[in-house]
Structures are given as structure tokens and as C-alpha cells.
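Undergrad: Supplied structure: start.pdb, PDB, C-alpha atoms and all ligand atoms.
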ATOM      1  CA  MET A 233      60.312  -2.681  36.070  1.00  0.00           C
ATOM      2  CA  ASN A 234      62.666  -3.003  39.023  1.00  0.00           C
ATOM      3  CA  PRO A 235      65.418  -5.587  38.908  1.00  0.00           C
ATOM      4  CA  VAL A 236      64.840  -8.897  40.647  1.00  0.00           C
ATOM      5  CA  THR A 237      67.519  -9.978  43.098  1.00  0.00           C
ATOM      6  CA  LEU A 238      68.053 -13.713  43.372  1.00  0.00           C
ATOM      7  CA  GLN A 239      70.088 -15.402  46.059  1.00  0.00           C
ATOM      8  CA  ILE A 240      72.142 -18.113  44.346  1.00  0.00           C
ATOM      9  CA  THR A 241      73.606 -21.001  46.296  1.00  0.00           C
ATOM     10  CA  GLY A 242      76.165 -23.511  45.068  1.00  0.00           C
ATOM     11  CA  MET A 243      78.488 -21.180  43.151  1.00  0.00           C
ATOM     12  CA  THR A 244      82.139 -21.759  44.039  1.00  0.00           C
ATOM     13  CA  CYS A 245      84.182 -19.942  41.400  1.00  0.00           C
ATOM     14  CA  GLU A 246      84.086 -17.573  38.442  1.00  0.00           C
ATOM     15  CA  HIS A 247      83.161 -20.452  36.153  1.00  0.00           C
ATOM     16  CA  CYS A 248      79.949 -20.853  38.138  1.00  0.00           C
ATOM     17  CA  VAL A 249      79.310 -17.114  37.905  1.00  0.00           C
ATOM     18  CA  ARG A 250      79.610 -17.256  34.128  1.00  0.00           C
ATOM     19  CA  ALA A 251      77.401 -20.340  33.887  1.00  0.00           C
ATOM     20  CA  VAL A 252      74.663 -18.689  35.950  1.00  0.00           C
ATOM     21  CA  THR A 253      75.014 -15.432  34.034  1.00  0.00           C
ATOM     22  CA  ARG A 254      74.636 -17.177  30.676  1.00  0.00           C
ATOM     23  CA  ALA A 255      71.702 -19.265  31.880  1.00  0.00           C
ATOM     24  CA  LEU A 256      69.853 -16.177  33.093  1.00  0.00           C
ATOM     25  CA  GLU A 257      70.648 -14.206  29.940  1.00  0.00           C
ATOM     26  CA  ARG A 258      68.928 -16.901  27.885  1.00  0.00           C
ATOM     27  CA  VAL A 259      65.605 -16.459  29.709  1.00  0.00           C
ATOM     28  CA  PRO A 260      63.121 -14.509  27.551  1.00  0.00           C
ATOM     29  CA  GLY A 261      62.645 -10.941  28.737  1.00  0.00           C
ATOM     30  CA  VAL A 262      66.016 -10.608  30.468  1.00  0.00           C
ATOM     31  CA  ASP A 263      67.883  -7.444  29.479  1.00  0.00           C
ATOM     32  CA  ARG A 264      70.932  -7.571  31.724  1.00  0.00           C
ATOM     33  CA  VAL A 265      72.294  -9.776  34.507  1.00  0.00           C
ATOM     34  CA  GLU A 266      74.853  -8.998  37.188  1.00  0.00           C
ATOM     35  CA  VAL A 267      76.077 -12.028  39.120  1.00  0.00           C
ATOM     36  CA  THR A 268      78.465 -11.904  42.068  1.00  0.00           C
ATOM     37  CA  LEU A 269      80.161 -14.841  43.751  1.00  0.00           C
ATOM     38  CA  LYS A 270      80.459 -13.323  47.237  1.00  0.00           C
ATOM     39  CA  PRO A 271      77.722 -12.858  48.085  1.00  0.00           C
ATOM     40  CA  GLY A 272      76.046 -15.327  45.740  1.00  0.00           C
ATOM     41  CA  VAL A 273      73.587 -12.948  44.178  1.00  0.00           C
ATOM     42  CA  ALA A 274      72.147 -12.349  40.728  1.00  0.00           C
ATOM     43  CA  VAL A 275      70.514  -9.043  39.857  1.00  0.00           C
ATOM     44  CA  VAL A 276      68.290  -9.516  36.822  1.00  0.00           C
ATOM     45  CA  HIS A 277      67.054  -6.566  34.804  1.00  0.00           C
ATOM     46  CA  GLY A 278      64.168  -6.853  32.399  1.00  0.00           C
ATOM     47  CA  ARG A 279      60.727  -8.356  32.575  1.00  0.00           C
ATOM     48  CA  ALA A 280      61.310 -12.081  32.804  1.00  0.00           C
ATOM     49  CA  ASP A 281      59.043 -14.504  34.640  1.00  0.00           C
ATOM     50  CA  PRO A 282      60.750 -15.197  38.014  1.00  0.00           C
ATOM     51  CA  GLU A 283      59.795 -18.866  37.814  1.00  0.00           C
ATOM     52  CA  LYS A 284      61.719 -19.142  34.562  1.00  0.00           C
ATOM     53  CA  LEU A 285      64.725 -17.498  36.219  1.00  0.00           C
ATOM     54  CA  PHE A 286      64.653 -20.071  39.026  1.00  0.00           C
ATOM     55  CA  ALA A 287      64.290 -22.887  36.516  1.00  0.00           C
ATOM     56  CA  ALA A 288      67.255 -21.644  34.459  1.00  0.00           C
ATOM     57  CA  VAL A 289      69.480 -21.508  37.545  1.00  0.00           C
ATOM     58  CA  ARG A 290      68.402 -24.962  38.709  1.00  0.00           C
ATOM     59  CA  GLU A 291      69.068 -26.441  35.283  1.00  0.00           C
ATOM     60  CA  GLU A 292      72.671 -25.307  35.686  1.00  0.00           C
ATOM     61  CA  GLY A 293      72.858 -27.131  39.021  1.00  0.00           C
ATOM     62  CA  TYR A 294      72.498 -24.215  41.434  1.00  0.00           C
ATOM     63  CA  GLU A 295      69.714 -23.096  43.743  1.00  0.00           C
ATOM     64  CA  ALA A 296      67.939 -19.765  43.502  1.00  0.00           C
ATOM     65  CA  ALA A 297      65.604 -17.892  45.813  1.00  0.00           C
ATOM     66  CA  VAL A 298      64.213 -14.385  45.675  1.00  0.00           C
ATOM     67  CA  ARG A 299      66.184 -12.164  47.983  1.00  0.00           C
ATOM     68  CA  ASP A 300      64.084  -9.076  47.518  1.00  0.00           C
ATOM     69  CA  GLU A 301      61.890  -7.612  44.815  1.00  0.00           C
ATOM     70  CA  THR A 302      62.328  -3.938  45.504  1.00  0.00           C
TER      71      THR A 302
HETATM   72 CU    CU B   1      82.633 -22.860  39.688  1.00  0.00          CU
END
Let me see the file written as C-alpha cells.
TA:
Amino acid sequence: MNPVTLQITGMTCEHCVRAVTRALERVPGVDRVEVTLKPGVAVVHGRADPEKLFAAVREEGYEAAVRDET
């Protein structure tokens, strides 16, 4: 399965990056997460439900949208 790329808004520092990374890693089916601050992007490897990824990011106080699914 190809990684899902999420556009994350609201991250301002490395603390935010770690918070988003941990939140995404807790979602069932996620194998590996790469989060960058600039640009605010999370690449999620595995076979998690995208809706659960969005929900995990929102619970941390950030916004997520699918950037591309290729
Ligand atoms: Cu921060």
C-alpha cells in the first residue's frame, strides 16, 4: 500500500512535529510516520483508515487534509 500524504496545518515547532508523529503512530495499522514542519506534511506508511488519521491529528489540535494519495 502506498503511503498517504497528509497536509498538516497548525504546527509551529518541533514539539508539534513530535506530538503529531506520536498521535499518528498510535493509529491502528500505521507502520511508520515521517512528519516535517516546513512544509507541514505527514507521510504515513501502513494500512490505516485515513479518517482515523485525520481524527488523531485533530485530537492533538491540528488540522489535516489529504495532500495526495499516490
Ligand atoms: Cu509546537
Undergrad: Using only C-alpha atoms and all ligand atoms, which residues have at least one atom no more than 7 Å from ligand CU 1 (chain B)? Output them as JSON, numbers by chain.
TA: {"A": [243, 244, 245, 246, 247, 248, 249]}
Undergrad: Could you expand the PyMOL selection byres (((chain A and resi 275) around 6) and not hetatm) into the explicit residues it covers here, written as a PDB file with C-alpha atoms, in the coordinates of the input?
TA:
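expr-v4.pdb, freshly written:
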ATOM      1  CA  VAL A 236      64.840  -8.897  40.647  1.00  0.00           C
ATOM      2  CA  THR A 237      67.519  -9.978  43.098  1.00  0.00           C
ATOM      3  CA  VAL A 265      72.294  -9.776  34.507  1.00  0.00           C
ATOM      4  CA  GLU A 266      74.853  -8.998  37.188  1.00  0.00           C
ATOM      5  CA  ALA A 274      72.147 -12.349  40.728  1.00  0.00           C
ATOM      6  CA  VAL A 276      68.290  -9.516  36.822  1.00  0.00           C
TER       7      VAL A 276
END
Undergrad: Step by step, gather every atom of region 286-290 of chain A that the file lists, find the box along x, y and z that holds them, add 4 Å on each side, and finally give centre and edge lengths in Å to one decimal, as lines of an AutoDock Vina configuration file.
TA:
center_x = 66.9
center_y = -22.5
center_z = 36.7
size_x = 13.2
size_y = 12.9
size_z = 12.6
Undergrad: Quick one: everything within 12 Å of Arg290 (chain A), counting all atoms listed in the file, minus sequence neighbours fewer than 6 positions away in the same chain. Send it as a list in words.
TA: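 After dropping sequence-adjacent residues, the list is Ile240, Thr241, Gly242, Met243, Ala251, Val252, Ala255, Leu256, Glu283, Lys284, Ala296 and Ala297 of chain A.
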Undergrad: Between CA of Pro260 (chain A) and CA of Val298 (chain A), measure the distance and give it in Å to one decimal.
TA: 18.2 Å
Undergrad: Counting all atoms listed in the file, figure out which residue out of A:Tyr294, A:Asn234, A:Thr253, A:Ala287 gets nearest to Thr268 (chain A).
TA: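 That would be A:Thr253, the residue with the smallest distance to Thr268 (chain A).
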Undergrad: Between CA of Asp281 (chain A) and CA of Met233 (chain A), what is the distance, to one decimal in Å?
TA: 12.0 Å
Undergrad: Written as a PyMOL selection string, which residues does the PyMOL selection byres (((chain A and resi 279) around 6) and not hetatm) give for the file shown?
TA: chain A and resi 261+278+280
Undergrad: May I ask for the distance between CA of Glu291 (chain A) and CA of Pro271 (chain A), given in Å to one decimal place?
TA: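 CA of Pro271 (chain A) lies 20.6 Å from CA of Glu291 (chain A).
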Undergrad: So, with only C-alpha atoms as the atoms that count, which of A:Asp263, A:Lys270, A:Arg258, A:Glu295 lies closest to Pro235 (chain A)?
TA: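 Of the candidates, the smallest distance to Pro235 (chain A) is held by A:Asp263.
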